[in-house]
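Trainee: So here's final.cif, just mmCIF, C-alpha atoms:
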```
data_protein
#
loop_
_atom_site.label_atom_id
_atom_site.label_comp_id
_atom_site.auth_asym_id
_atom_site.auth_seq_id
_atom_site.Cartn_x
_atom_site.Cartn_y
_atom_site.Cartn_z
CA MET A 19 19.34 34.54 -12.31
CA LYS A 20 16.81 33.04 -9.86
CA LYS A 21 17.17 36.06 -7.59
CA THR A 22 16.67 38.46 -10.48
CA LEU A 23 13.62 36.56 -11.69
CA ALA A 24 12.13 36.46 -8.19
CA THR A 25 12.71 40.20 -7.82
CA ALA A 26 11.04 40.85 -11.16
CA ILE A 27 8.03 38.77 -10.13
CA VAL A 28 7.69 40.67 -6.85
CA MET A 29 8.01 44.03 -8.65
CA SER A 30 5.44 42.97 -11.23
CA ALA A 31 3.02 41.94 -8.51
CA ALA A 32 3.55 45.23 -6.71
CA ILE A 33 2.87 47.21 -9.88
CA SER A 34 -0.26 45.17 -10.54
CA GLY A 35 -1.42 45.85 -6.99
CA LEU A 36 -0.87 49.57 -7.38
CA ALA A 37 -2.70 49.61 -10.68
CA ALA A 38 -5.62 47.75 -9.11
CA ALA A 39 -5.75 50.35 -6.36
CA GLU A 40 -6.01 53.27 -8.77
CA GLY A 41 -9.15 54.41 -10.55
CA THR A 42 -11.61 51.81 -9.28
CA LEU A 43 -14.56 54.15 -9.82
CA GLU A 44 -13.52 54.78 -13.41
CA ALA A 45 -13.06 51.05 -13.98
CA VAL A 46 -16.53 50.29 -12.60
CA LYS A 47 -18.12 52.98 -14.76
CA ALA A 48 -16.29 51.74 -17.87
CA ARG A 49 -17.19 48.11 -17.14
CA GLY A 50 -20.79 48.95 -16.35
CA VAL A 51 -20.90 46.45 -13.51
CA LEU A 52 -19.61 46.26 -9.95
CA GLN A 53 -17.59 43.18 -9.02
CA CYS A 54 -18.43 42.38 -5.41
CA GLY A 55 -16.93 39.62 -3.28
CA VAL A 56 -19.43 37.79 -1.06
CA THR A 57 -19.65 34.51 0.87
CA SER A 58 -20.53 31.23 -0.76
CA GLY A 59 -23.74 31.34 1.26
CA VAL A 60 -24.56 32.72 4.72
CA PRO A 61 -28.31 33.24 5.30
CA GLY A 62 -29.13 36.83 6.07
CA PHE A 63 -25.84 38.18 4.71
CA SER A 64 -25.17 36.78 1.25
CA VAL A 65 -26.88 33.80 -0.27
CA PRO A 66 -28.57 33.08 -3.62
CA ASP A 67 -32.29 32.31 -3.54
CA GLU A 68 -34.00 29.54 -5.53
CA GLN A 69 -33.90 31.73 -8.65
CA GLY A 70 -30.20 32.46 -8.20
CA ASN A 71 -30.75 36.03 -7.03
CA TRP A 72 -28.35 37.06 -4.27
CA LYS A 73 -29.93 38.36 -1.06
CA GLY A 74 -28.62 39.60 2.28
CA LEU A 75 -27.27 42.48 4.32
CA ASP A 76 -23.85 42.24 2.65
CA VAL A 77 -25.49 41.95 -0.76
CA ASP A 78 -27.36 45.20 -0.11
CA VAL A 79 -24.00 46.92 0.40
CA CYS A 80 -23.00 45.79 -3.10
CA ARG A 81 -26.35 46.94 -4.48
CA SER A 82 -26.09 50.34 -2.80
CA VAL A 83 -22.64 50.97 -4.29
CA ALA A 84 -23.91 49.94 -7.74
CA ALA A 85 -26.90 52.24 -7.37
CA ALA A 86 -24.64 55.13 -6.36
CA THR A 87 -22.06 54.66 -9.10
CA LEU A 88 -24.07 53.20 -11.99
CA GLY A 89 -27.60 54.30 -11.13
CA ASP A 90 -28.73 50.67 -11.11
CA ALA A 91 -28.58 48.41 -8.04
CA SER A 92 -28.80 45.30 -10.23
CA LYS A 93 -25.50 45.97 -12.01
CA VAL A 94 -23.50 43.69 -9.72
CA LYS A 95 -21.48 40.58 -10.44
CA TYR A 96 -21.37 38.55 -7.24
CA ILE A 97 -18.18 36.56 -6.73
CA PRO A 98 -18.40 33.91 -3.96
CA LEU A 99 -15.18 33.68 -1.97
CA THR A 100 -13.92 31.56 0.91
CA ALA A 101 -12.28 33.18 3.92
CA LYS A 102 -8.88 32.22 2.54
CA GLU A 103 -9.57 33.67 -0.91
CA ARG A 104 -11.25 36.96 0.01
CA PHE A 105 -8.29 39.26 0.70
CA THR A 106 -6.22 37.99 -2.23
CA ALA A 107 -9.16 38.56 -4.56
CA LEU A 108 -9.43 42.16 -3.38
CA GLN A 109 -5.69 42.82 -3.41
CA SER A 110 -5.34 41.48 -6.95
CA GLY A 111 -8.21 43.55 -8.34
CA GLU A 112 -10.46 40.56 -9.06
CA ILE A 113 -13.17 42.35 -7.09
CA ASP A 114 -13.88 46.05 -6.53
CA VAL A 115 -15.21 45.70 -3.00
CA LEU A 116 -15.38 42.89 -0.46
CA SER A 117 -18.70 42.65 1.37
CA ARG A 118 -18.37 39.31 3.09
CA VAL A 119 -19.01 39.14 6.87
CA THR A 120 -15.45 40.34 7.41
CA THR A 121 -14.23 41.53 10.82
CA TRP A 122 -12.39 44.85 11.05
CA THR A 123 -9.10 44.26 12.90
CA GLN A 124 -5.85 46.19 13.29
CA THR A 125 -3.79 43.70 11.28
CA ARG A 126 -6.23 43.61 8.40
CA ASP A 127 -6.51 47.39 8.41
CA THR A 128 -2.77 48.08 8.48
CA GLN A 129 -0.81 45.18 7.00
CA LEU A 130 -2.82 43.84 4.06
CA GLY A 131 -3.10 46.99 1.95
CA LEU A 132 -6.82 47.22 2.70
CA ASN A 133 -9.25 49.76 4.18
CA PHE A 134 -12.49 49.05 6.02
CA THR A 135 -15.14 51.58 5.04
CA GLY A 136 -17.49 51.26 8.00
CA VAL A 137 -19.48 48.79 10.08
CA THR A 138 -22.62 47.26 8.63
CA TYR A 139 -23.17 44.90 11.56
CA TYR A 140 -21.75 44.83 15.09
CA ASP A 141 -21.35 41.18 15.94
CA GLY A 142 -19.69 38.83 18.43
CA GLN A 143 -18.55 35.21 18.44
CA GLY A 144 -20.63 32.56 20.13
CA PHE A 145 -21.14 28.79 20.33
CA LEU A 146 -23.94 26.50 19.24
CA VAL A 147 -24.55 23.16 20.96
CA LYS A 148 -27.25 20.52 20.88
CA LYS A 149 -29.96 21.26 23.42
CA GLU A 150 -29.95 17.63 24.59
CA LEU A 151 -26.46 18.13 26.12
CA GLY A 152 -27.97 20.44 28.74
CA LEU A 153 -24.99 22.82 28.68
CA THR A 154 -25.34 26.31 30.13
CA SER A 155 -21.85 27.76 29.57
CA VAL A 156 -18.93 27.59 27.15
CA LYS A 157 -16.79 26.68 30.16
CA GLU A 158 -18.55 23.32 30.20
CA LEU A 159 -16.98 22.51 26.82
CA ASP A 160 -13.65 21.47 28.35
CA GLY A 161 -12.26 18.63 26.22
CA ALA A 162 -14.89 19.13 23.51
CA THR A 163 -14.52 18.98 19.74
CA VAL A 164 -15.37 22.30 18.08
CA CYS A 165 -16.19 22.83 14.40
CA VAL A 166 -14.67 26.08 13.11
CA GLN A 167 -13.82 27.78 9.83
CA SER A 168 -10.13 28.13 9.04
CA GLY A 169 -8.38 31.38 8.16
CA THR A 170 -10.69 33.53 10.30
CA THR A 171 -10.61 35.60 13.47
CA THR A 172 -13.05 32.98 14.78
CA GLU A 173 -10.30 30.35 14.86
CA LEU A 174 -7.93 32.66 16.75
CA ASN A 175 -10.60 33.79 19.23
CA LEU A 176 -11.48 30.16 19.95
CA SER A 177 -7.88 29.29 20.86
CA ASP A 178 -7.42 32.47 22.91
CA TYR A 179 -10.60 31.97 24.93
CA PHE A 180 -10.00 28.32 25.79
CA ARG A 181 -6.37 28.94 26.69
CA ALA A 182 -7.26 31.95 28.87
CA ASN A 183 -9.84 29.89 30.74
CA GLY A 184 -7.68 26.80 31.18
CA LEU A 185 -9.83 24.68 28.89
CA THR A 186 -8.82 22.12 26.29
CA PHE A 187 -10.51 21.41 22.99
CA THR A 188 -9.97 19.68 19.67
CA PRO A 189 -10.60 21.90 16.63
CA VAL A 190 -12.21 20.37 13.56
CA VAL A 191 -11.36 22.82 10.80
CA PHE A 192 -13.20 23.51 7.53
CA ASP A 193 -12.76 25.84 4.57
CA THR A 194 -16.28 27.29 4.87
CA ASN A 195 -18.73 28.00 7.65
CA GLU A 196 -21.37 25.97 5.81
CA GLN A 197 -19.16 22.88 6.00
CA ALA A 198 -18.45 23.49 9.68
CA ALA A 199 -22.15 23.94 10.48
CA THR A 200 -23.15 20.82 8.52
CA SER A 201 -20.54 18.73 10.30
CA PHE A 202 -21.77 19.95 13.67
CA ASP A 203 -25.34 19.19 12.64
CA THR A 204 -24.42 15.60 11.73
CA GLY A 205 -22.69 15.03 15.05
CA ARG A 206 -19.04 15.28 14.11
CA CYS A 207 -18.43 18.01 16.72
CA ASP A 208 -19.77 18.86 20.15
CA SER A 209 -20.04 22.55 19.27
CA PHE A 210 -19.94 24.97 16.34
CA THR A 211 -18.47 28.43 16.77
CA THR A 212 -18.74 31.51 14.57
CA ASP A 213 -20.13 35.04 14.72
CA LEU A 214 -23.59 34.78 16.28
CA SER A 215 -25.32 36.42 13.32
CA GLN A 216 -23.97 33.71 11.03
CA ALA A 217 -24.69 31.01 13.61
CA TYR A 218 -28.36 32.00 13.72
CA GLY A 219 -28.54 31.99 9.93
CA LEU A 220 -26.85 28.63 9.51
CA ARG A 221 -28.98 27.13 12.27
CA THR A 222 -32.06 27.66 10.06
CA ARG A 223 -30.56 25.17 7.60
CA MET A 224 -29.93 22.41 10.15
CA SER A 225 -32.01 19.27 10.32
CA ASP A 226 -33.76 20.36 13.54
CA PRO A 227 -33.08 24.04 14.32
CA ASP A 228 -35.11 23.90 17.53
CA ALA A 229 -32.74 21.25 18.88
CA VAL A 230 -29.79 23.66 18.68
CA VAL A 231 -29.14 26.47 21.17
CA ALA A 232 -26.57 29.22 21.58
CA LEU A 233 -24.59 29.32 24.82
CA PRO A 234 -24.78 32.68 26.65
CA GLU A 235 -21.16 33.83 26.32
CA VAL A 236 -20.13 36.25 23.56
CA ILE A 237 -16.35 35.99 23.50
CA SER A 238 -15.28 38.69 21.05
CA LYS A 239 -15.97 41.95 19.26
CA GLU A 240 -16.67 41.40 15.56
CA PRO A 241 -17.42 44.65 13.71
CA LEU A 242 -18.30 43.52 10.18
CA GLY A 243 -18.06 45.78 7.18
CA PRO A 244 -17.07 46.36 3.54
CA VAL A 245 -13.41 46.44 2.52
CA VAL A 246 -11.58 48.17 -0.34
CA ARG A 247 -7.95 48.47 -1.39
CA GLN A 248 -5.74 51.14 0.09
CA GLY A 249 -4.46 53.84 -2.24
CA ASP A 250 -7.75 54.81 -3.86
CA ASP A 251 -9.31 57.44 -1.61
CA GLN A 252 -12.02 58.29 -4.13
CA TRP A 253 -13.36 54.73 -4.17
CA PHE A 254 -12.98 54.46 -0.40
CA ASN A 255 -15.21 57.53 -0.05
CA VAL A 256 -17.83 56.23 -2.48
CA VAL A 257 -18.23 52.90 -0.64
CA LYS A 258 -18.13 54.57 2.77
CA TRP A 259 -20.78 57.17 1.95
CA SER A 260 -23.03 54.60 0.30
CA LEU A 261 -23.42 53.02 3.75
CA TYR A 262 -23.71 56.41 5.45
CA ALA A 263 -26.52 57.37 3.09
CA MET A 264 -28.56 54.36 4.24
CA LEU A 265 -27.95 55.17 7.91
CA ASN A 266 -28.77 58.86 7.50
CA ALA A 267 -31.91 57.95 5.58
CA GLU A 268 -33.16 55.82 8.46
CA GLU A 269 -32.39 58.56 10.97
CA LEU A 270 -34.28 61.11 8.87
CA GLY A 271 -37.25 58.81 8.26
CA VAL A 272 -36.62 58.51 4.51
CA SER A 273 -37.39 55.09 3.02
CA SER A 274 -37.84 53.47 -0.36
CA ALA A 275 -41.60 53.91 0.09
CA ASN A 276 -41.58 57.68 0.72
CA VAL A 277 -38.37 58.89 -0.92
CA ASP A 278 -40.17 60.45 -3.89
CA ASP A 279 -42.47 62.45 -1.63
CA MET A 280 -39.50 63.45 0.52
CA LYS A 281 -37.92 65.22 -2.44
CA SER A 282 -40.25 68.13 -1.74
CA SER A 283 -39.39 68.25 1.97
CA GLU A 284 -38.27 71.57 3.43
CA ASN A 285 -36.00 69.83 5.92
CA PRO A 286 -32.49 70.94 4.90
CA ASN A 287 -30.98 67.64 6.03
CA ILE A 288 -33.36 65.67 3.82
CA LYS A 289 -32.72 68.00 0.89
CA ARG A 290 -29.00 67.38 1.23
CA LEU A 291 -29.52 63.65 1.62
CA LEU A 292 -31.48 63.40 -1.62
CA GLY A 293 -29.19 65.65 -3.66
CA VAL A 294 -31.67 68.49 -3.92
CA ASP A 295 -29.24 70.75 -2.09
CA GLY A 296 -25.79 70.57 -0.49
CA PRO A 297 -22.67 68.73 -1.72
CA LYS A 298 -24.62 66.45 -4.08
CA GLY A 299 -22.29 64.14 -6.01
CA LYS A 300 -19.47 66.49 -6.93
CA GLY A 301 -16.95 65.41 -4.29
CA LEU A 302 -17.54 61.73 -5.08
CA ASP A 303 -17.53 62.16 -8.89
CA ILE A 304 -20.91 60.48 -9.23
CA ALA A 305 -24.41 61.66 -10.11
CA ASP A 306 -26.12 64.22 -7.89
CA ASP A 307 -28.98 61.79 -7.17
CA TRP A 308 -26.65 58.98 -6.04
CA SER A 309 -28.13 58.73 -2.54
CA TYR A 310 -31.69 58.97 -3.86
CA GLN A 311 -30.94 55.96 -6.08
CA ILE A 312 -29.63 53.98 -3.10
CA ILE A 313 -32.71 54.69 -1.01
CA LYS A 314 -35.17 54.17 -3.88
CA GLN A 315 -33.66 50.89 -5.07
CA VAL A 316 -32.17 49.37 -1.89
CA GLY A 317 -33.80 51.21 1.01
CA ASN A 318 -32.50 52.68 4.24
CA TYR A 319 -30.48 50.69 6.77
CA ALA A 320 -33.56 49.63 8.77
CA GLU A 321 -35.25 48.26 5.66
CA SER A 322 -32.17 46.23 4.76
CA PHE A 323 -31.66 44.97 8.32
CA ASP A 324 -35.29 44.00 8.85
CA ARG A 325 -35.76 42.06 5.63
CA ASN A 326 -32.42 40.24 5.76
CA VAL A 327 -31.67 39.47 9.41
CA GLY A 328 -34.32 41.26 11.48
CA LYS A 329 -38.01 41.06 12.23
CA ASP A 330 -39.12 40.38 8.64
CA SER A 331 -36.57 37.59 8.10
CA PRO A 332 -36.37 33.97 9.30
CA LEU A 333 -33.49 34.96 11.61
CA LYS A 334 -35.56 37.45 13.69
CA ILE A 335 -32.44 39.11 15.14
CA ASP A 336 -33.14 42.12 17.37
CA ARG A 337 -31.53 45.40 16.36
CA GLY A 338 -29.75 45.57 19.73
CA ILE A 339 -26.44 47.39 19.39
CA ASN A 340 -27.11 47.70 15.65
CA ALA A 341 -29.85 50.23 16.36
CA LEU A 342 -29.18 53.88 15.59
CA TRP A 343 -27.20 55.91 18.11
CA ASN A 344 -30.33 57.82 19.14
CA GLN A 345 -32.20 54.57 19.78
CA GLY A 346 -29.64 52.97 22.10
CA GLY A 347 -27.37 51.41 19.49
CA PHE A 348 -23.95 52.00 17.93
CA GLN A 349 -24.94 52.87 14.37
CA TYR A 350 -23.98 56.46 13.65
CA ALA A 351 -23.29 58.21 10.36
CA PRO A 352 -21.57 61.58 9.81
CA PRO A 353 -23.88 64.31 8.50
CA MET A 354 -24.23 64.91 4.78
CA ARG A 355 -23.35 68.56 4.46
#
```
As structure tokens, please, write out the structure in this file.
Mentor:
Amino acid sequence: MKKTLATAIVMSAAISGLAAAEGTLEAVKARGVLQCGVTSGVPGFSVPDEQGNWKGLDVDVCRSVAAATLGDASKVKYIPLTAKERFTALQSGEIDVLSRVTTWTQTRDTQLGLNFTGVTYYDGQGFLVKKELGLTSVKELDGATVCVQSGTTTELNLSDYFRANGLTFTPVVFDTNEQAATSFDTGRCDSFTTDLSQAYGLRTRMSDPDAVVALPEVISKEPLGPVVRQGDDQWFNVVKWSLYAMLNAEELGVSSANVDDMKSSENPNIKRLLGVDGPKGKGLDIADDWSYQIIKQVGNYAESFDRNVGKDSPLKIDRGINALWNQGGFQYAPPMR
């Protein structure tokens, strides 16, 4: 009896998972709101402001998908998730898309029933220490205590790097990056490790940000991007092309400020981008002006980057490898034709 019951539970869960993976676009349209999984608060990526409005690079992914599918970037329900909760929430259908500083890895892409739709930010793991320690390298952290978030690639990278370099350390593990950063700030650990983009954001919340420095080593590749369930190619395409629309808009010089004027452009690439010509929304089963709505309401990739993590934000992160491919970076979107 126990075996039969266990089998029934597994089968029920599998059926629920399959159902969640089918018809996400239709479910979003019927619901009238996009359910988007985000962090509980990482400056620059997803964090509520004083009025409770969510802001950040990851939040703009949610907004762009809502603009594309519902014509309104504000039609998003933000669901804060810990690193441990995020994949289960997506697998179960609690959220439609996960946009939560999540690293694209082989295991996550092949064994969890999930698909990464692109890279919104090319990142790498680093270490913060107090300036007063006078450290110049991670290799000087032998025997140190290190604050780290559990259930992340960060935790694995930390162990791999120290073992490979013959170093010892004592991990102090937390459920969230905010907890890890706060504990480091109060002196519980010698160092705090996470993706550098998050480290810079969390440093702005510390008691004396100027007293905290990043060591020079970047010990990993961390391509961050949105995630959807496998088995729903239509939804995968919608989320993927919502990002590509922002990247193509930047490359073509189309922004939220000039998008209305650009509708009359004779450039065939711009006409296709804005749904005046070309494939429009037919293949995605959304409105023909879907990309126009993204650009008008959210902006192109440069606008999102600059206001959230770049030159117009407190983080002041350089574009670096997140610049467009024709400006020395990695960001590259397929053509819209």
Trainee: To one decimal in Å, tell me the separation between CA of Gly136 (chain A) and CA of Gln197 (chain A).
Mentor: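 We find that CA of Gly136 (chain A) and CA of Gln197 (chain A) lie 28.5 Å from each other.
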Trainee: Quick check, in Å to one decimal: how far apart do CA of Val156 (chain A) and CA of Pro234 (chain A) lie?
Mentor: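 Separation between CA of Val156 (chain A) and CA of Pro234 (chain A): 7.8 Å.
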Trainee: Applied to this file, what does the PyMOL selection byres ((chain A and resi 281) around 10) return in terms of residues, put as an NGL selection string?
Mentor: :A and (272 or 276-280 or 282-285 or 288-294 or 310)
Trainee: Those same residues - C-alpha atoms - I'd like them written as a JSON list (two decimals), keeping the file's coordinate frame.
Mentor:
```
[["chain", "number", "residue", "atom", "x", "y", "z"],
["A", 272, "VAL", "CA", -36.62, 58.51, 4.51],
["A", 276, "ASN", "CA", -41.58, 57.68, 0.72],
["A", 277, "VAL", "CA", -38.37, 58.89, -0.92],
["A", 278, "ASP", "CA", -40.17, 60.45, -3.89],
["A", 279, "ASP", "CA", -42.47, 62.45, -1.63],
["A", 280, "MET", "CA", -39.50, 63.45, 0.52],
["A", 282, "SER", "CA", -40.25, 68.13, -1.74],
["A", 283, "SER", "CA", -39.39, 68.25, 1.97],
["A", 284, "GLU", "CA", -38.27, 71.57, 3.43],
["A", 285, "ASN", "CA", -36.00, 69.83, 5.92],
["A", 288, "ILE", "CA", -33.36, 65.67, 3.82],
["A", 289, "LYS", "CA", -32.72, 68.00, 0.89],
["A", 290, "ARG", "CA", -29.00, 67.38, 1.23],
["A", 291, "LEU", "CA", -29.52, 63.65, 1.62],
["A", 292, "LEU", "CA", -31.48, 63.40, -1.62],
["A", 293, "GLY", "CA", -29.19, 65.65, -3.66],
["A", 294, "VAL", "CA", -31.67, 68.49, -3.92],
["A", 310, "TYR", "CA", -31.69, 58.97, -3.86]]
```
Trainee: Measuring atom to atom with only C-alpha atoms, identify which of A:Lys149, A:Arg206, A:Lys93, A:Arg247 is nearest to Gln129 (chain A).
Mentor: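 The answer is A:Arg247, which sits nearest to Gln129 (chain A).
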Trainee: May I ask for the distance between CA of Tyr319 (chain A) and CA of Lys239 (chain A), given in Å to one decimal place?
Mentor: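 One can read the CA of Tyr319 (chain A) to CA of Lys239 (chain A) distance as 21.0 Å.
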Trainee: Hey, what comes out of the PyMOL selection byres ((chain A and resi 177) around 12) on this file? Could you write it as a ChimeraX atom specification?
Mentor: /A:164,166,170-176,178-189,211,237-238
Trainee: Name the residues captured by the PyMOL selection byres ((chain A and resi 244) around 9) when it is applied to the shown file; answer as a VMD selection string.
Mentor: chain A and resid 76 79 to 80 115 to 120 122 133 to 138 242 to 243 245 to 246 257 to 258
Trainee: Considering only C-alpha atoms, state which residue in the set A:Gly249, A:Glu44, A:Met354, A:Thr121 is at the smallest distance from Tyr140 (chain A).
Mentor: A:Thr121
Trainee: Which residue out of A:Leu333, A:Ala107, A:Leu75, A:Leu302 has the minimum interatomic distance to Cys54 (chain A) when all atoms listed in the file are used?
Mentor: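 Under the stated criterion, the closest residue is A:Ala107.
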Trainee: Using all atoms listed in the file, which of the listed residues (A:Asp226, A:Glu269, A:Asp160, A:Asp250) sits closest to Asp208 (chain A)?
Mentor: A:Asp160
Trainee: Could you tell me, as JSON, numbers by chain, which residues have any atom at most 12 Å from (-21.4, 25.9, 5.3), counting only C-alpha atoms?
Mentor: {"A": [57, 58, 59, 60, 61, 65, 100, 101, 165, 166, 167, 191, 192, 193, 194, 195, 196, 197, 198, 199, 200, 201, 202, 203, 210, 212, 216, 217, 219, 220, 221, 222, 223, 224]}
Trainee: Please provide as a PyMOL selection string all residues within 12 Å of Asn71 (chain A), with the sequence filter that same-chain residues fewer than 3 positions apart are discarded (counting all atoms listed in the file).
Mentor: chain A and resi 59+64-68+74+77-78+92+94-96
Trainee: With distances taken over all atoms listed in the file, which residue among A:Thr106, A:Val327, A:Gln69, A:Gly301 lies nearest Trp253 (chain A)?
Mentor: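 Of the candidates, the smallest distance to Trp253 (chain A) is held by A:Gly301.
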Trainee: Fewer than 3 positions away in the same chain doesn't count, so skip those; otherwise give me all residues within 10 Å of Ala86 (chain A), counting only C-alpha atoms, as an mmCIF file with C-alpha atoms, in the frame of the given file.
Mentor:
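Generated output (around14.cif):
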```cif
data_model
loop_
_atom_site.group_PDB
_atom_site.id
_atom_site.type_symbol
_atom_site.label_atom_id
_atom_site.label_comp_id
_atom_site.auth_asym_id
_atom_site.auth_seq_id
_atom_site.Cartn_x
_atom_site.Cartn_y
_atom_site.Cartn_z
ATOM 1 C CA ARG A 81 -26.350 46.940 -4.480
ATOM 2 C CA SER A 82 -26.090 50.340 -2.800
ATOM 3 C CA VAL A 83 -22.640 50.970 -4.290
ATOM 4 C CA GLY A 89 -27.600 54.300 -11.130
ATOM 5 C CA ASP A 90 -28.730 50.670 -11.110
ATOM 6 C CA ALA A 91 -28.580 48.410 -8.040
ATOM 7 C CA VAL A 256 -17.830 56.230 -2.480
ATOM 8 C CA VAL A 257 -18.230 52.900 -0.640
ATOM 9 C CA TRP A 259 -20.780 57.170 1.950
ATOM 10 C CA SER A 260 -23.030 54.600 0.300
ATOM 11 C CA ALA A 263 -26.520 57.370 3.090
ATOM 12 C CA GLY A 299 -22.290 64.140 -6.010
ATOM 13 C CA LEU A 302 -17.540 61.730 -5.080
ATOM 14 C CA ILE A 304 -20.910 60.480 -9.230
ATOM 15 C CA ALA A 305 -24.410 61.660 -10.110
ATOM 16 C CA ASP A 306 -26.120 64.220 -7.890
ATOM 17 C CA ASP A 307 -28.980 61.790 -7.170
ATOM 18 C CA TRP A 308 -26.650 58.980 -6.040
ATOM 19 C CA SER A 309 -28.130 58.730 -2.540
ATOM 20 C CA TYR A 310 -31.690 58.970 -3.860
ATOM 21 C CA GLN A 311 -30.940 55.960 -6.080
ATOM 22 C CA ILE A 312 -29.630 53.980 -3.100
ATOM 23 C CA ILE A 313 -32.710 54.690 -1.010
#
```
Trainee: Compare A:Leu270, A:Gly169, A:Leu43, A:Ala275 by their minimum atom-to-atom distance to Lys102 (chain A), counting only C-alpha atoms, and give me the closest one.
Mentor: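 When distances to Lys102 (chain A) are compared using only C-alpha atoms, the smallest one comes from A:Gly169.
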